[in-house]
$ cat entry.txt   # compact mmCIF, C-alpha atoms and all ligand atoms
# COMPACT_ATOMS: atom_id res chain seq x y z
CA MET R 6 -9.02 230.30 226.68
CA THR R 7 -11.81 230.45 229.24
CA VAL R 8 -14.55 227.86 228.90
CA THR R 9 -17.98 228.72 230.27
CA PHE R 10 -19.96 226.37 232.47
CA SER R 11 -22.48 225.63 229.72
CA GLU R 12 -19.76 225.08 227.12
CA LYS R 13 -18.09 222.60 229.44
CA LEU R 14 -21.40 220.86 230.15
CA ALA R 15 -22.27 220.68 226.45
CA ARG R 16 -19.02 218.78 225.81
CA ILE R 17 -19.89 216.00 228.24
CA PRO R 18 -21.75 213.23 226.42
CA GLY R 19 -24.14 212.03 229.20
CA TYR R 20 -24.78 208.39 229.98
CA GLN R 21 -27.74 206.54 228.50
CA ALA R 22 -28.91 203.78 230.80
CA GLY R 23 -29.46 200.34 229.33
CA VAL R 24 -32.86 199.94 231.01
CA PRO R 25 -35.25 202.54 232.48
CA THR R 26 -33.64 204.14 235.53
CA GLY R 27 -35.29 204.38 238.94
CA GLN R 28 -35.90 200.63 239.17
CA ALA R 29 -33.96 198.35 241.49
CA PRO R 30 -32.33 195.35 239.78
CA GLU R 31 -34.74 193.01 241.65
CA ALA R 32 -37.67 194.95 240.20
CA ILE R 33 -36.22 194.64 236.71
CA ALA R 34 -35.93 190.88 237.15
CA ALA R 35 -39.38 190.60 238.77
CA GLY R 36 -40.91 192.74 236.03
CA GLY R 37 -39.67 190.25 233.50
CA ILE R 38 -37.32 192.62 231.68
CA ALA R 39 -34.66 190.72 229.74
CA GLN R 40 -31.71 193.04 230.47
CA LEU R 41 -29.49 192.50 227.44
CA ALA R 42 -28.27 196.10 227.15
CA SER R 43 -25.29 196.41 229.49
CA ASN R 44 -23.03 193.40 228.89
CA GLU R 45 -23.38 192.27 232.48
CA SER R 46 -23.12 188.67 233.63
CA SER R 47 -26.43 186.87 233.83
CA PHE R 48 -24.98 184.71 236.63
CA PRO R 49 -25.16 186.00 240.21
CA PRO R 50 -21.94 186.19 242.24
CA HIS R 51 -20.34 183.02 243.66
CA PRO R 52 -21.95 182.04 247.03
CA LYS R 53 -18.62 182.54 248.84
CA VAL R 54 -18.54 186.10 247.47
CA VAL R 55 -22.02 186.77 248.81
CA GLU R 56 -20.83 185.38 252.17
CA ALA R 57 -17.80 187.71 252.12
CA ILE R 58 -20.07 190.70 251.45
CA ARG R 59 -22.34 189.67 254.32
CA ALA R 60 -19.37 189.39 256.69
CA ALA R 61 -17.96 192.77 255.61
CA ALA R 62 -21.38 194.44 256.03
CA ALA R 63 -21.12 194.08 259.81
CA ALA R 64 -18.22 196.58 259.88
CA MET R 65 -19.86 199.31 257.78
CA ASN R 66 -19.35 201.90 260.53
CA ARG R 67 -15.69 202.08 259.36
CA TYR R 68 -14.24 203.62 256.23
CA PRO R 69 -12.74 201.15 253.76
CA ASP R 70 -8.99 200.49 253.48
CA PRO R 71 -7.91 203.34 251.15
CA ASP R 72 -5.07 201.16 249.83
CA ALA R 73 -7.30 198.11 249.22
CA THR R 74 -4.33 196.13 250.57
CA LEU R 75 -5.86 192.64 250.55
CA LEU R 76 -7.52 193.06 247.16
CA ARG R 77 -4.37 194.44 245.53
CA ARG R 78 -2.31 191.61 247.02
CA ARG R 79 -4.73 188.97 245.70
CA ILE R 80 -4.74 190.58 242.24
CA ALA R 81 -0.92 190.67 242.30
CA GLU R 82 -0.80 186.98 243.29
CA ARG R 83 -3.22 186.00 240.54
CA TYR R 84 -1.18 187.83 237.88
CA GLU R 85 2.28 187.18 239.36
CA THR R 86 3.15 190.82 239.78
CA GLU R 87 3.77 193.22 242.69
CA PRO R 88 0.88 194.93 244.54
CA GLY R 89 2.66 198.26 243.93
CA ARG R 90 1.84 197.90 240.24
CA VAL R 91 -1.88 197.31 240.80
CA ALA R 92 -4.28 200.27 240.77
CA VAL R 93 -7.89 199.76 241.82
CA GLY R 94 -10.91 201.94 241.18
CA ASN R 95 -14.67 202.31 241.44
CA GLY R 96 -14.98 200.24 238.29
CA SER R 97 -12.32 200.37 235.58
CA CYS R 98 -14.16 203.49 234.37
CA GLU R 99 -12.82 205.38 237.37
CA ILE R 100 -9.27 204.32 236.49
CA LEU R 101 -9.74 205.54 232.90
CA LEU R 102 -11.08 208.87 234.10
CA ALA R 103 -8.29 209.21 236.65
CA ALA R 104 -5.70 208.40 234.00
CA ALA R 105 -7.02 211.16 231.73
CA GLU R 106 -7.15 213.63 234.59
CA ALA R 107 -3.66 212.78 235.82
CA LEU R 108 -1.97 212.57 232.42
CA CYS R 109 -3.71 215.12 230.22
CA GLU R 110 -3.65 218.90 230.23
CA PRO R 111 -5.64 220.97 227.72
CA GLY R 112 -3.74 220.63 224.44
CA ALA R 113 -2.86 217.00 225.04
CA GLU R 114 -4.29 214.36 222.74
CA ILE R 115 -6.13 211.12 223.44
CA VAL R 116 -6.36 208.58 220.63
CA TYR R 117 -8.96 205.83 220.49
CA ALA R 118 -10.91 203.80 217.95
CA TRP R 119 -14.53 204.52 217.02
CA PRO R 120 -17.10 203.17 217.53
CA SER R 121 -15.80 202.00 220.86
CA PHE R 122 -16.69 202.23 224.54
CA SER R 123 -19.05 205.15 225.18
CA MET R 124 -17.03 206.25 228.21
CA TYR R 125 -13.96 207.32 226.20
CA PRO R 126 -15.42 210.66 224.99
CA TYR R 127 -15.73 211.69 228.66
CA LEU R 128 -11.97 211.53 229.08
CA ALA R 129 -11.32 214.32 226.64
CA ALA R 130 -14.44 216.27 227.67
CA LEU R 131 -13.41 216.33 231.33
CA SER R 132 -9.64 216.72 231.00
CA GLY R 133 -9.75 219.32 228.23
CA ALA R 134 -7.62 217.10 225.98
CA ARG R 135 -8.29 216.82 222.25
CA GLU R 136 -9.72 213.48 221.19
CA ILE R 137 -8.73 211.72 218.01
CA ARG R 138 -11.18 209.02 216.97
CA VAL R 139 -9.79 206.52 214.51
CA PRO R 140 -12.47 204.64 212.52
CA LEU R 141 -12.49 200.88 212.83
CA ALA R 142 -11.06 198.94 209.89
CA GLU R 143 -12.90 196.36 207.83
CA GLY R 144 -14.37 193.63 209.97
CA GLU R 145 -15.07 196.23 212.70
CA VAL R 146 -11.61 195.74 214.24
CA HIS R 147 -9.20 198.37 215.56
CA ASP R 148 -7.07 199.89 212.82
CA LEU R 149 -3.85 199.73 214.80
CA ASP R 150 -1.71 201.08 211.94
CA ALA R 151 -3.89 204.17 211.63
CA MET R 152 -3.93 204.61 215.40
CA ALA R 153 -0.13 204.34 215.64
CA ALA R 154 0.16 206.97 212.91
CA GLU R 155 -1.83 209.38 215.10
CA ALA R 156 0.58 209.15 218.04
CA THR R 157 2.54 212.42 218.15
CA ALA R 158 4.46 214.51 220.67
CA ALA R 159 1.10 215.86 221.92
CA THR R 160 -0.38 212.40 222.53
CA GLN R 161 -0.60 211.41 226.17
CA LEU R 162 -2.99 208.49 226.07
CA VAL R 163 -3.89 205.83 223.52
CA ILE R 164 -6.75 203.48 224.34
CA VAL R 165 -7.19 200.06 222.78
CA CYS R 166 -10.44 198.33 223.67
CA ASN R 167 -9.88 194.61 223.22
CA PRO R 168 -12.35 192.94 222.77
CA ASN R 169 -13.95 196.11 221.50
CA ASN R 170 -17.24 197.36 222.88
CA PRO R 171 -19.62 197.55 220.96
CA THR R 172 -18.35 195.44 218.06
CA ALA R 173 -17.08 192.49 220.19
CA THR R 174 -14.08 192.05 217.87
CA HIS R 175 -10.65 191.10 219.19
CA LEU R 176 -7.03 191.39 218.14
CA PRO R 177 -4.48 188.82 219.33
CA ALA R 178 -1.71 189.80 221.76
CA ALA R 179 0.94 189.54 219.02
CA GLU R 180 -0.75 192.40 217.12
CA VAL R 181 -1.03 194.44 220.30
CA ALA R 182 2.71 193.89 220.85
CA THR R 183 3.57 195.14 217.35
CA PHE R 184 1.40 198.19 218.01
CA CYS R 185 3.13 198.91 221.34
CA GLU R 186 6.50 198.83 219.58
CA ARG R 187 5.31 201.70 217.37
CA ILE R 188 4.03 203.93 220.18
CA PRO R 189 6.50 206.47 221.62
CA ALA R 190 7.62 205.83 225.21
CA HIS R 191 6.02 209.05 226.55
CA VAL R 192 2.52 207.83 225.58
CA THR R 193 0.52 205.70 228.01
CA ILE R 194 -1.16 202.78 226.24
CA ALA R 195 -4.34 201.78 228.07
CA LEU R 196 -5.43 198.31 227.02
CA ASP R 197 -9.04 198.07 228.13
CA GLU R 198 -9.75 194.37 228.54
CA ALA R 199 -13.13 194.36 230.28
CA TYR R 200 -14.23 191.30 228.25
CA VAL R 201 -10.89 189.53 227.79
CA GLU R 202 -11.94 186.37 229.61
CA PHE R 203 -14.49 185.64 226.86
CA GLN R 204 -12.04 185.71 223.95
CA THR R 205 -10.76 182.43 222.56
CA ASP R 206 -8.01 183.76 220.25
CA ASP R 207 -5.30 183.71 222.90
CA ASP R 208 -4.53 182.82 226.47
CA PRO R 209 -6.45 185.62 228.29
CA ASP R 210 -3.25 186.48 230.15
CA ALA R 211 -1.07 186.81 227.04
CA THR R 212 -1.23 190.60 227.24
CA ILE R 213 -0.14 190.57 230.90
CA ASP R 214 3.20 189.17 229.67
CA LEU R 215 3.63 192.28 227.48
CA LEU R 216 3.88 194.47 230.59
CA ALA R 217 7.49 193.33 231.13
CA GLU R 218 8.39 194.54 227.66
CA PHE R 219 6.50 197.85 227.52
CA PRO R 220 6.75 200.08 230.64
CA ASN R 221 4.16 202.49 229.14
CA LEU R 222 1.51 199.74 228.82
CA VAL R 223 -1.37 199.49 231.30
CA VAL R 224 -3.84 196.58 231.26
CA LEU R 225 -7.31 197.38 232.63
CA ARG R 226 -9.72 194.70 233.83
CA THR R 227 -12.94 194.61 235.77
CA PHE R 228 -14.99 192.60 238.23
CA SER R 229 -18.16 193.90 236.52
CA LYS R 230 -18.38 191.37 233.71
CA VAL R 231 -17.26 187.75 234.08
CA TYR R 232 -17.20 187.93 237.90
CA GLY R 233 -20.81 189.14 238.05
CA LEU R 234 -20.12 192.09 240.36
CA ALA R 235 -21.27 195.04 238.22
CA GLY R 236 -23.41 196.40 241.06
CA LEU R 237 -20.42 196.79 243.37
CA ARG R 238 -18.18 198.81 241.02
CA VAL R 239 -14.62 197.54 241.18
CA GLY R 240 -11.99 197.43 238.49
CA PHE R 241 -8.21 197.29 238.39
CA ALA R 242 -5.22 198.11 236.25
CA ILE R 243 -1.77 196.56 236.13
CA GLY R 244 0.98 198.82 234.88
CA SER R 245 3.93 200.72 236.27
CA ALA R 246 4.17 201.82 239.90
CA LYS R 247 4.13 205.37 238.48
CA PHE R 248 0.77 204.77 236.80
CA ARG R 249 -0.69 203.39 240.00
CA ALA R 250 0.58 206.44 241.91
CA ALA R 251 -1.01 208.76 239.32
CA VAL R 252 -4.40 207.05 239.64
CA ASP R 253 -4.21 207.08 243.44
CA ALA R 254 -3.31 210.76 243.45
CA VAL R 255 -6.47 211.63 241.55
CA ARG R 256 -9.19 209.21 242.63
CA GLN R 257 -11.02 209.58 245.94
CA PRO R 258 -9.15 207.55 248.60
CA PHE R 259 -12.29 205.59 249.55
CA SER R 260 -13.70 205.11 246.08
CA VAL R 261 -13.56 201.32 246.29
CA ASN R 262 -15.98 200.63 249.11
CA ALA R 263 -15.46 197.96 251.75
CA LEU R 264 -18.09 195.57 250.36
CA ALA R 265 -16.56 195.81 246.90
CA GLN R 266 -13.06 195.15 248.27
CA ALA R 267 -14.21 192.11 250.26
CA ALA R 268 -16.22 190.71 247.35
CA ALA R 269 -13.52 191.15 244.72
CA ALA R 270 -10.78 189.79 247.02
CA GLU R 271 -12.89 186.63 247.43
CA ALA R 272 -14.05 186.38 243.81
CA ILE R 273 -10.53 186.33 242.41
CA LEU R 274 -9.80 183.16 244.41
CA HIS R 275 -12.44 181.23 242.42
CA GLN R 276 -10.86 180.92 239.01
CA ASP R 277 -12.59 177.55 238.47
CA ASP R 278 -15.89 179.42 238.74
CA VAL R 279 -14.65 182.05 236.26
CA ALA R 280 -13.82 179.27 233.79
CA GLN R 281 -17.30 177.79 234.19
CA ARG R 282 -18.96 181.16 233.67
CA VAL R 283 -16.97 181.65 230.50
CA GLU R 284 -17.90 178.19 229.25
CA ARG R 285 -21.61 178.71 229.86
CA THR R 286 -21.44 182.10 228.12
CA LEU R 287 -19.66 180.59 225.13
CA VAL R 288 -22.40 177.97 224.75
CA GLU R 289 -24.91 180.81 224.52
CA ARG R 290 -22.65 182.77 222.16
CA VAL R 291 -22.54 179.89 219.68
CA ARG R 292 -26.30 179.35 219.91
CA VAL R 293 -27.23 183.05 219.55
CA GLU R 294 -24.81 183.61 216.68
CA GLU R 295 -26.02 180.51 214.83
CA CYS R 296 -29.61 181.56 215.20
CA LEU R 297 -28.88 185.13 214.04
CA ARG R 298 -27.13 183.75 210.97
CA GLY R 299 -30.16 181.56 210.36
CA LEU R 300 -32.25 184.75 210.32
CA GLY R 301 -29.94 186.17 207.67
CA LEU R 302 -28.37 188.70 210.05
CA HIS R 303 -24.69 189.57 209.86
CA THR R 304 -22.68 190.08 213.05
CA ALA R 305 -19.10 191.17 213.60
CA GLU R 306 -16.95 188.21 214.73
CA THR R 307 -17.65 188.15 218.44
CA GLN R 308 -15.02 187.38 221.05
CA ALA R 309 -17.04 188.83 223.92
CA ASN R 310 -20.31 188.22 225.81
CA PHE R 311 -22.39 190.15 223.28
CA SER R 312 -23.10 190.41 219.56
CA TRP R 313 -23.01 193.48 217.30
CA ILE R 314 -25.79 192.93 214.81
CA ASP R 315 -25.98 194.63 211.45
CA LEU R 316 -29.64 195.41 210.71
CA GLY R 317 -28.97 196.47 207.14
CA ASP R 318 -31.70 198.83 205.99
CA THR R 319 -33.96 198.17 208.95
CA ASP R 320 -34.35 201.18 211.25
CA GLU R 321 -32.55 200.32 214.48
CA LYS R 322 -34.79 202.58 216.58
CA GLU R 323 -37.87 200.72 215.44
CA VAL R 324 -36.24 197.43 216.40
CA VAL R 325 -35.06 198.70 219.80
CA ASP R 326 -38.50 200.17 220.57
CA ALA R 327 -40.36 197.06 219.44
CA LEU R 328 -38.10 194.90 221.60
CA ALA R 329 -38.59 197.28 224.54
CA GLU R 330 -42.35 196.86 224.19
CA ARG R 331 -41.75 193.17 224.68
CA GLN R 332 -39.66 193.92 227.79
CA ILE R 333 -36.37 193.13 226.08
CA ALA R 334 -33.66 195.77 226.54
CA VAL R 335 -30.87 195.94 223.93
CA ARG R 336 -28.43 198.75 223.09
CA PRO R 337 -28.99 200.83 219.95
CA GLY R 338 -25.88 201.46 217.84
CA ARG R 339 -26.59 205.08 216.92
CA PRO R 340 -25.49 206.88 220.10
CA LEU R 341 -22.13 205.24 219.49
CA GLY R 342 -21.84 206.85 216.12
CA ASP R 343 -23.00 203.98 213.95
CA SER R 344 -26.47 203.33 212.65
CA GLY R 345 -28.31 200.21 211.58
CA HIS R 346 -26.86 198.15 214.42
CA ILE R 347 -27.89 196.83 217.80
CA ARG R 348 -25.69 195.38 220.52
CA VAL R 349 -27.15 192.44 222.40
CA SER R 350 -25.59 190.91 225.53
CA TYR R 351 -25.98 187.21 226.19
CA GLY R 352 -28.37 186.61 229.07
CA THR R 353 -29.77 183.41 230.50
CA PRO R 354 -30.80 180.76 227.94
CA GLN R 355 -34.43 181.82 228.49
CA GLU R 356 -33.67 185.52 227.94
CA ASN R 357 -31.72 184.72 224.80
CA GLU R 358 -34.57 182.59 223.53
CA ARG R 359 -36.99 185.47 224.12
CA PHE R 360 -34.74 187.82 222.20
CA LEU R 361 -34.22 185.44 219.30
CA THR R 362 -37.93 184.70 218.97
CA ALA R 363 -38.77 188.41 219.11
CA ILE R 364 -36.15 189.52 216.58
CA GLY R 365 -37.22 186.69 214.27
CA GLU R 366 -40.83 187.87 214.41
CA LEU R 367 -39.90 191.54 213.95
CA LEU R 368 -37.82 190.89 210.86
CA GLU R 369 -40.33 188.54 209.23
C1 LIG R 401 -14.84 198.31 227.26
C2 LIG R 401 -15.29 198.55 228.65
N1 LIG R 401 -14.41 198.97 229.54
C3 LIG R 401 -14.76 199.21 230.80
C4 LIG R 401 -16.07 199.00 231.20
C5 LIG R 401 -16.49 199.44 232.57
O1 LIG R 401 -16.25 198.59 233.52
P1 LIG R 401 -16.47 198.98 235.03
O2 LIG R 401 -17.82 198.48 235.39
O3 LIG R 401 -15.35 198.23 235.68
O4 LIG R 401 -16.33 200.45 235.21
C6 LIG R 401 -17.03 198.59 230.31
C7 LIG R 401 -18.42 198.43 230.75
O5 LIG R 401 -19.35 198.32 230.02
C8 LIG R 401 -16.63 198.36 228.99
O6 LIG R 401 -17.51 197.97 228.07
$ encode --input "entry.txt" --output "structure tokens" --more "lines below"
Ligand SMILES: Cc1ncc(COP(=O)(O)O)c(C=O)c1O
Amino acid sequence: MTVTFSEKLARIPGYQAGVPTGQAPEAIAAGGIAQLASNESSFPPHPKVVEAIRAAAAAMNRYPDPDATLLRRRIAERYETEPGRVAVGNGSCEILLAAAEALCEPGAEIVYAWPSFSMYPYLAALSGAREIRVPLAEGEVHDLDAMAAEATAATQLVIVCNPNNPTATHLPAAEVATFCERIPAHVTIALDEAYVEFQTDDDPDATIDLLAEFPNLVVLRTFSKVYGLAGLRVGFAIGSAKFRAAVDAVRQPFSVNALAQAAAAEAILHQDDVAQRVERTLVERVRVEECLRGLGLHTAETQANFSWIDLGDTDEKEVVDALAERQIAVRPGRPLGDSGHIRVSYGTPQENERFLTAIGELLE
């Protein structure tokens, strides 16, 4: 079947920016916008990371290392695996897109939960695969039984977002393991763990141990969240050497630029700093959640750096617009297929205070 240009374009969802586009991040900060719409880190990169970027900048006349050799070695050392099993990309989004392109032909199926990360619909739209969205179960968690039941001979890719964006809910590694046992060996299981460092259910590396047991499992992580490097765009996946080869065959060879490689290779050495960032975020999580409860608002049980707030009968657009008027950017739930919700990232204590005061006043 031939697909016309406009039909193809109509299938592609289109990204909605968290804050007005066309403004540099410094301008956003200077303009006093509380940017709580993109689940970024409110902490700037570690000073040694900034130093590494500065040093790498002097050699910008050269293309980056297409194999990201140092970065992949450091990731492999951190996770006690081989560099040959580490794929890198221009953010973990690029790895997801590359996986869909490499693994899926038209007629293939991609299974994921919904609502979940807004990038997933692109995978089917661009690869021509059929998407199967499995509604979240009670408590806004993945319904792993229902997802496993959807895995058929046509399925090429199953995505589990854990913790889930936008609901922030998390399933422990033991449940992920039981799920993997039920998925046929020909299906690639992409475990998208962009926020895993913030969950307190398990050791954040518990799922890495599952890789030895399930050759079709791929764990995706990112430097965009806890490491505070969203602006550089670098993510990675640990899986089989075959998966890495598939991603490398599809992505642009230089997609991870030299500054991003230098920064991420340095950042991963500072695990003490990662632990501190997590701790400071968790302090804010407890405070924000407590305050929301005090306002009578229900949230899904968060294991991430954001809350998914049920607004009940209150119109979410009105809330988002009223907050925007006060220079507070949050993410509306509706484009993700759910209404009456907003997703709010934890910012600095001051930004969180601004948000909590504003939402309290709006719901009075
Ligand atoms: C679940 C999930 N996966 C992946 C990403 C993207 O990460 P990256 O910046 O590495 O592309 C995000 C970013 O918001 C996310 O929420």
$ residues_around --input "entry.txt" --residues "region 298-312 of chain R" --least-positions-apart "6" --cutoff "7 Å" --atoms "only C-alpha atoms" --output "ChimeraX atom specification"
/R:44,144-145,168,172-175,200,203-205,286,290,348-351,365
$ residues_around --input "entry.txt" --residues "Ala272 (chain R)" --least-positions-apart "6" --cutoff "8 Å" --atoms "all atoms listed in the file" --output "list in words"
His51, Lys53, Val54 and Tyr232 of chain R
$ residues_around --input "entry.txt" --residues "Ile347 (chain R)" --least-positions-apart "6" --cutoff "9 Å" --atoms "only C-alpha atoms" --output "count of residues only"
14
$ closest_residue --input "entry.txt" --among "R:Ala73, R:Leu215, R:Ala64, R:Ala235" --to "ligand LIG 401 (chain R)" --atoms "only C-alpha atoms and all ligand atoms"
R:Ala235
$ closest_residue --input "entry.txt" --among "R:Ala268, R:Ala211, R:Ala199, R:Ala280" --to "ligand LIG 401 (chain R)" --atoms "all atoms listed in the file"
R:Ala199
$ closest_atom_pairs --input "entry.txt" --of "chain R" --to "ligand LIG 401 (chain R)" --cutoff "7 Å" --atoms "all atoms listed in the file" --output "Markdown table"
| residue | atom | partner | partner_atom | distance |
| --- | --- | --- | --- | --- |
| R:Ser43 | CA | R:LIG401 | O5 | 6.3 |
| R:Asn44 | CA | R:LIG401 | O5 | 6.2 |
| R:Asn95 | CA | R:LIG401 | O4 | 6.7 |
| R:Gly96 | CA | R:LIG401 | O3 | 3.3 |
| R:Ser97 | CA | R:LIG401 | O3 | 3.7 |
| R:Cys98 | CA | R:LIG401 | O4 | 3.8 |
| R:Glu99 | CA | R:LIG401 | O4 | 6.4 |
| R:Phe122 | CA | R:LIG401 | C1 | 5.1 |
| R:Cys166 | CA | R:LIG401 | C1 | 5.7 |
| R:Asn169 | CA | R:LIG401 | C1 | 6.2 |
| R:Asn170 | CA | R:LIG401 | C1 | 5.1 |
| R:Asp197 | CA | R:LIG401 | N1 | 5.6 |
| R:Glu198 | CA | R:LIG401 | C1 | 6.6 |
| R:Ala199 | CA | R:LIG401 | N1 | 4.8 |
| R:Arg226 | CA | R:LIG401 | O3 | 6.9 |
| R:Thr227 | CA | R:LIG401 | O3 | 4.3 |
| R:Phe228 | CA | R:LIG401 | O3 | 6.2 |
| R:Ser229 | CA | R:LIG401 | O2 | 4.7 |
| R:Ala235 | CA | R:LIG401 | O2 | 5.6 |
| R:Arg238 | CA | R:LIG401 | O2 | 5.7 |
| R:Val239 | CA | R:LIG401 | O3 | 5.6 |
| R:Gly240 | CA | R:LIG401 | O3 | 4.5 |
$ residues_near_point --input "entry.txt" --point "(-12.4, 179.1, 241.0)" --cutoff "12 Å" --atoms "all atoms listed in the file" --output "MDAnalysis selection string"
chainID R and resid 50:54 83 232 271:283
$ atom_distance --input "entry.txt" --atom1 "CA of Glu12 (chain R)" --atom2 "CA of Leu108 (chain R)"
22.4 Å
$ residues_around --input "entry.txt" --residues "Tyr117 (chain R)" --least-positions-apart "4" --cutoff "9 Å" --atoms "only C-alpha atoms" --output "compact mmCIF listing (two decimals) with C-alpha atoms, in the coordinates of the input"
# COMPACT_ATOMS: atom_id res chain seq x y z
CA SER R 121 -15.80 202.00 220.86
CA TYR R 125 -13.96 207.32 226.20
CA GLU R 136 -9.72 213.48 221.19
CA ILE R 137 -8.73 211.72 218.01
CA ARG R 138 -11.18 209.02 216.97
CA VAL R 139 -9.79 206.52 214.51
CA PRO R 140 -12.47 204.64 212.52
CA HIS R 147 -9.20 198.37 215.56
CA MET R 152 -3.93 204.61 215.40
CA LEU R 162 -2.99 208.49 226.07
CA VAL R 163 -3.89 205.83 223.52
CA ILE R 164 -6.75 203.48 224.34
CA VAL R 165 -7.19 200.06 222.78
CA CYS R 166 -10.44 198.33 223.67
$ closest_residue --input "entry.txt" --among "R:Ile213, R:Leu287, R:Val116, R:Leu41" --to "Phe360 (chain R)" --atoms "all atoms listed in the file"
R:Leu41
$ closest_residue --input "entry.txt" --among "R:Leu297, R:Ala92, R:Ala113, R:Ala15" --to "Ser245 (chain R)" --atoms "only C-alpha atoms"
R:Ala92
$ residues_around --input "entry.txt" --residues "Arg79 (chain R)" --least-positions-apart "2" --cutoff "10 Å" --atoms "all atoms listed in the file" --output "list of chain:residue names"
R:Thr74, R:Leu75, R:Leu76, R:Arg77, R:Ala81, R:Glu82, R:Arg83, R:Tyr84, R:Glu85, R:Glu87, R:Pro88, R:Ala269, R:Ala270, R:Glu271, R:Ala272, R:Ile273, R:Leu274
$ atom_distance --input "entry.txt" --atom1 "CA of Asp318 (chain R)" --atom2 "CA of Pro120 (chain R)"
19.1 Å
$ atom_distance --input "entry.txt" --atom1 "CA of Ala329 (chain R)" --atom2 "CA of Gly352 (chain R)"
15.5 Å
$ decode --input "entry.txt" --residues "region 38-69 of chain R" --atoms "C-alpha atoms" --output "PDB file, in the first residue's frame"
ATOM      1  CA  ILE R  38       9.874  31.156  34.318  1.00  0.00           C
ATOM      2  CA  ALA R  39       9.638  28.193  36.680  1.00  0.00           C
ATOM      3  CA  GLN R  40      10.302  25.427  34.138  1.00  0.00           C
ATOM      4  CA  LEU R  41       8.469  22.468  35.668  1.00  0.00           C
ATOM      5  CA  ALA R  42       7.258  20.969  32.381  1.00  0.00           C
ATOM      6  CA  SER R  43      10.089  18.770  31.098  1.00  0.00           C
ATOM      7  CA  ASN R  44      11.319  16.650  34.026  1.00  0.00           C
ATOM      8  CA  GLU R  45      14.798  18.104  33.756  1.00  0.00           C
ATOM      9  CA  SER R  46      17.208  18.439  36.663  1.00  0.00           C
ATOM     10  CA  SER R  47      17.072  21.789  38.403  1.00  0.00           C
ATOM     11  CA  PHE R  48      20.759  21.366  39.308  1.00  0.00           C
ATOM     12  CA  PRO R  49      23.396  22.469  36.798  1.00  0.00           C
ATOM     13  CA  PRO R  50      26.067  19.968  35.727  1.00  0.00           C
ATOM     14  CA  HIS R  51      28.943  19.076  38.084  1.00  0.00           C
ATOM     15  CA  PRO R  52      31.806  21.653  37.819  1.00  0.00           C
ATOM     16  CA  LYS R  53      34.202  18.956  36.543  1.00  0.00           C
ATOM     17  CA  VAL R  54      31.716  18.234  33.744  1.00  0.00           C
ATOM     18  CA  VAL R  55      31.639  21.897  32.771  1.00  0.00           C
ATOM     19  CA  GLU R  56      35.464  21.818  32.769  1.00  0.00           C
ATOM     20  CA  ALA R  57      35.454  18.742  30.493  1.00  0.00           C
ATOM     21  CA  ILE R  58      33.102  20.511  28.067  1.00  0.00           C
ATOM     22  CA  ARG R  59      35.347  23.578  28.060  1.00  0.00           C
ATOM     23  CA  ALA R  60      38.417  21.441  27.312  1.00  0.00           C
ATOM     24  CA  ALA R  61      36.647  19.546  24.514  1.00  0.00           C
ATOM     25  CA  ALA R  62      35.406  22.809  22.954  1.00  0.00           C
ATOM     26  CA  ALA R  63      38.952  23.676  21.879  1.00  0.00           C
ATOM     27  CA  ALA R  64      38.949  20.746  19.411  1.00  0.00           C
ATOM     28  CA  MET R  65      35.614  21.516  17.720  1.00  0.00           C
ATOM     29  CA  ASN R  66      37.251  21.631  14.281  1.00  0.00           C
ATOM     30  CA  ARG R  67      37.226  17.791  14.395  1.00  0.00           C
ATOM     31  CA  TYR R  68      34.326  15.388  14.063  1.00  0.00           C
ATOM     32  CA  PRO R  69      33.487  13.424  17.206  1.00  0.00           C
TER      33      PRO R  69
END
